[in-house]
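These notes are about the structure you will find just below.
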Amino acid sequence: MRDTAWKYLGAGLLLFMAACASMNADLYIIREFNREDKAKLLVERGIALYNEKLMEQNDLKALPKVRSAFNNALGADPTNKKAEEYLAKIASFKSERLKTYISRARSLREKKNRSDRDNYEMILSIQRAAELNSLHPDVIKLRLETNDTRKQVIQKRVAALSELEKKLMAEKNQAAFEKMLPQAALAVTEILHIDSGNKDAEKSRQAVEDFVKARSSEELLKAEASLAKKDYLSAQAAVGRAERGLAAVSLKPGPDIKFFRYRLALRWAQDLYGLKKYQSADIRIAEALALNRSAEALDLKAKISKARS
């Protein structure tokens, strides 16, 4: 209990120190940078967001955030030409994308014998156009004309997701389970792209995430049992399954998995060192140090390096 308390206290202190460091950096910028330098920082940030969110990810919901960076840059320095240039680019981006989505939706609306995929792409194009300008006359008209189709598209995907969720939670085969996880994640994403507040999709996503977390915890227990028996390959396989499950539903491994990875690599390195397999031990200790540069790991690294030389 005392060790656990100290561990959490240490983590809390690290977070506090990180927050203080961040605050000090902000205060330094406010105090030491002139208006032109602040504007340049904001423009650099805005360009990074523009390239990542708009050009690479086509994240239309990020438009206000991207625009804000350049507006704030002009607020700091009204003469900053780069900020003006990118605000013009954003306006052009919005206008061109709006035309593209409206054109795409119209084309699909007029297509005969549309497939289910065609219907989804049509509704998605209308939704994205609405995210850019929900009051545009063509967007309003398209939404009214396709409202029934939109309901059908959503209902069909919600039903399919419900069935997939049941199969996923009943699946015992690990390979089949891992194959279904991305399918479930994609099904949820597709629904939320055209109906961001869909409660059924959100409920399924939460249920799947909770199930994956529980299954990953079970895998970590298996990994611990294998580590206790010095069955390092089995431990590595089990923790790998835990990580893959979490990654498939866009969840990051927690500190427990990272700490296990460290202990696994360290124990493995210690045994290999004892067997005088110094090259293999060096590989494992490098893995441990990448996760935690503890005194114990550094000491073992020094011993291995000395033995190899």
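In the structure tokens, the first chain shown is A, the next is B, and so on; residue numbers restart at 1 for each chain, and ligands run from 1 in the order shown.
For segment 72-74 of chain A, the list of residues within 7 Å, based on only C-alpha atoms and with local chain neighbours fewer than 5 positions off taken out, reads Ala39, Leu42, Val43, Asn80 and Ala83 of chain A.
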Wanna dump the segment 152-268 of chain A-segment 275-287 of chain A contacts at 7 Å for me, each residue with its shortest atom pair and the distance in Å to one decimal, counting only C-alpha atoms, ordered by chain and number, as a tab-separated table?
residue	atom	partner	partner_atom	distance
A:Ala265	CA	A:Arg284	CA	5.2
A:Leu266	CA	A:Ile285	CA	5.9
A:Trp268	CA	A:Arg284	CA	6.6
message = Can you pull out the residues contacting Leu98 of chain A? Cut-off 10 Å, using only C-alpha atoms, and skip same-chain residues under 3 positions away; I want them as a list in words.
response = Ser92, Phe93, Lys94, Ser95, Tyr101, Ile102, Ser103, Arg104, Ser125, Ile126, Arg128, Ala129, Ala130, Glu131, Leu132, Asn133, His136 and Val139 of chain A
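Near Asn51 of chain A, within 12 Å and counting only C-alpha atoms, sit Glu44, Arg45, Gly46, Glu56, Gln57, Asn58, Asp59, Ala62, Leu63, Val66, Tyr86, Lys89, Ile90 and Phe93 of chain A; same-chain residues fewer than 5 positions away were not included.
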Once you have the residues from the selection above, write them out as a PDB file, in the first residue's frame, restricted to N, CA and C atoms.
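Generated file (part_21.pdb):
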ATOM      1  N   GLU A  44       2.915  30.261 -37.148  1.00  0.00           N
ATOM      2  CA  GLU A  44       3.514  28.932 -37.270  1.00  0.00           C
ATOM      3  C   GLU A  44       2.564  27.852 -36.777  1.00  0.00           C
ATOM      4  N   ARG A  45       1.916  28.140 -35.645  1.00  0.00           N
ATOM      5  CA  ARG A  45       0.933  27.198 -35.103  1.00  0.00           C
ATOM      6  C   ARG A  45      -0.238  27.037 -36.062  1.00  0.00           C
ATOM      7  N   GLY A  46      -0.706  28.149 -36.609  1.00  0.00           N
ATOM      8  CA  GLY A  46      -1.828  28.111 -37.541  1.00  0.00           C
ATOM      9  C   GLY A  46      -1.515  27.329 -38.798  1.00  0.00           C
ATOM     10  N   GLU A  56      -4.576  17.481 -44.575  1.00  0.00           N
ATOM     11  CA  GLU A  56      -4.359  16.043 -44.418  1.00  0.00           C
ATOM     12  C   GLU A  56      -5.608  15.302 -43.955  1.00  0.00           C
ATOM     13  N   GLN A  57      -6.313  15.866 -42.968  1.00  0.00           N
ATOM     14  CA  GLN A  57      -7.423  15.143 -42.343  1.00  0.00           C
ATOM     15  C   GLN A  57      -8.800  15.596 -42.827  1.00  0.00           C
ATOM     16  N   ASN A  58      -8.870  16.713 -43.536  1.00  0.00           N
ATOM     17  CA  ASN A  58     -10.151  17.267 -43.974  1.00  0.00           C
ATOM     18  C   ASN A  58     -11.130  17.401 -42.803  1.00  0.00           C
ATOM     19  N   ASP A  59     -10.608  17.847 -41.681  1.00  0.00           N
ATOM     20  CA  ASP A  59     -11.405  18.002 -40.462  1.00  0.00           C
ATOM     21  C   ASP A  59     -12.095  19.371 -40.484  1.00  0.00           C
ATOM     22  N   ALA A  62     -12.489  21.658 -37.461  1.00  0.00           N
ATOM     23  CA  ALA A  62     -11.313  22.372 -36.958  1.00  0.00           C
ATOM     24  C   ALA A  62     -11.173  23.762 -37.573  1.00  0.00           C
ATOM     25  N   LEU A  63     -12.032  24.111 -38.534  1.00  0.00           N
ATOM     26  CA  LEU A  63     -11.925  25.402 -39.215  1.00  0.00           C
ATOM     27  C   LEU A  63     -11.878  26.594 -38.247  1.00  0.00           C
ATOM     28  N   VAL A  66      -8.433  26.759 -36.563  1.00  0.00           N
ATOM     29  CA  VAL A  66      -7.365  27.148 -37.477  1.00  0.00           C
ATOM     30  C   VAL A  66      -7.458  28.648 -37.777  1.00  0.00           C
ATOM     31  N   TYR A  86      -3.038  33.304 -45.158  1.00  0.00           N
ATOM     32  CA  TYR A  86      -3.683  32.052 -44.774  1.00  0.00           C
ATOM     33  C   TYR A  86      -5.167  32.219 -44.468  1.00  0.00           C
ATOM     34  N   LYS A  89      -6.609  31.830 -47.730  1.00  0.00           N
ATOM     35  CA  LYS A  89      -6.591  30.414 -48.118  1.00  0.00           C
ATOM     36  C   LYS A  89      -7.740  29.648 -47.458  1.00  0.00           C
ATOM     37  N   ILE A  90      -7.985  29.979 -46.190  1.00  0.00           N
ATOM     38  CA  ILE A  90      -9.067  29.302 -45.461  1.00  0.00           C
ATOM     39  C   ILE A  90     -10.413  29.623 -46.086  1.00  0.00           C
ATOM     40  N   PHE A  93     -10.582  27.691 -49.238  1.00  0.00           N
ATOM     41  CA  PHE A  93     -10.768  26.274 -48.912  1.00  0.00           C
ATOM     42  C   PHE A  93     -12.238  25.989 -48.611  1.00  0.00           C
TER      43      PHE A  93
END
key: Residue nearest Ser196 of chain A among A:Leu144, A:Met122, A:Ile154, A:Ile47 (counting only C-alpha atoms)   =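 Counting only C-alpha atoms, the residue closest to Ser196 of chain A is A:Ile154.
If you measure from each of A:Asn119, A:Asn173, A:Ser107, A:Ser217 to Gln152 of chain A using only C-alpha atoms, the closest one turns out to be A:Asn119.
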task = Please give the complete set of residues from segment 104-268 of chain A that DSSP, run on the backbone, assigns to helix (DSSP H, G or I), formatted as a PyMOL selection string.
result = chain A and resi 104-110+116-132+137-145+147-170+174-194+199-228+232-248+255-268
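Here atom CA of Glu243 of chain A stands at a distance of 17.0 Å from atom CA of Ala184 of chain A.
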key: Contacts of Val239 of chain A at 9 Å (only C-alpha atoms; same-chain gap of 3+ positions) as a VMD selection string   = chain A and resid 216 219 to 224 234 to 236 242 to 244 257 260 to 261
ask   = For Ile194 of chain A, which of A:Lys172, A:Lys179, A:Arg150, A:Lys230 is the closest residue, counting only C-alpha atoms?
value =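 Of the candidates, the smallest distance to Ile194 of chain A is held by A:Arg150.
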request  = Could you please determine the separation between atom CA of Gln206 of chain A and atom CA of Pro255 of chain A in Å, to one decimal place?
outcome  =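 Between atom CA of Gln206 of chain A and atom CA of Pro255 of chain A the gap is 20.9 Å.
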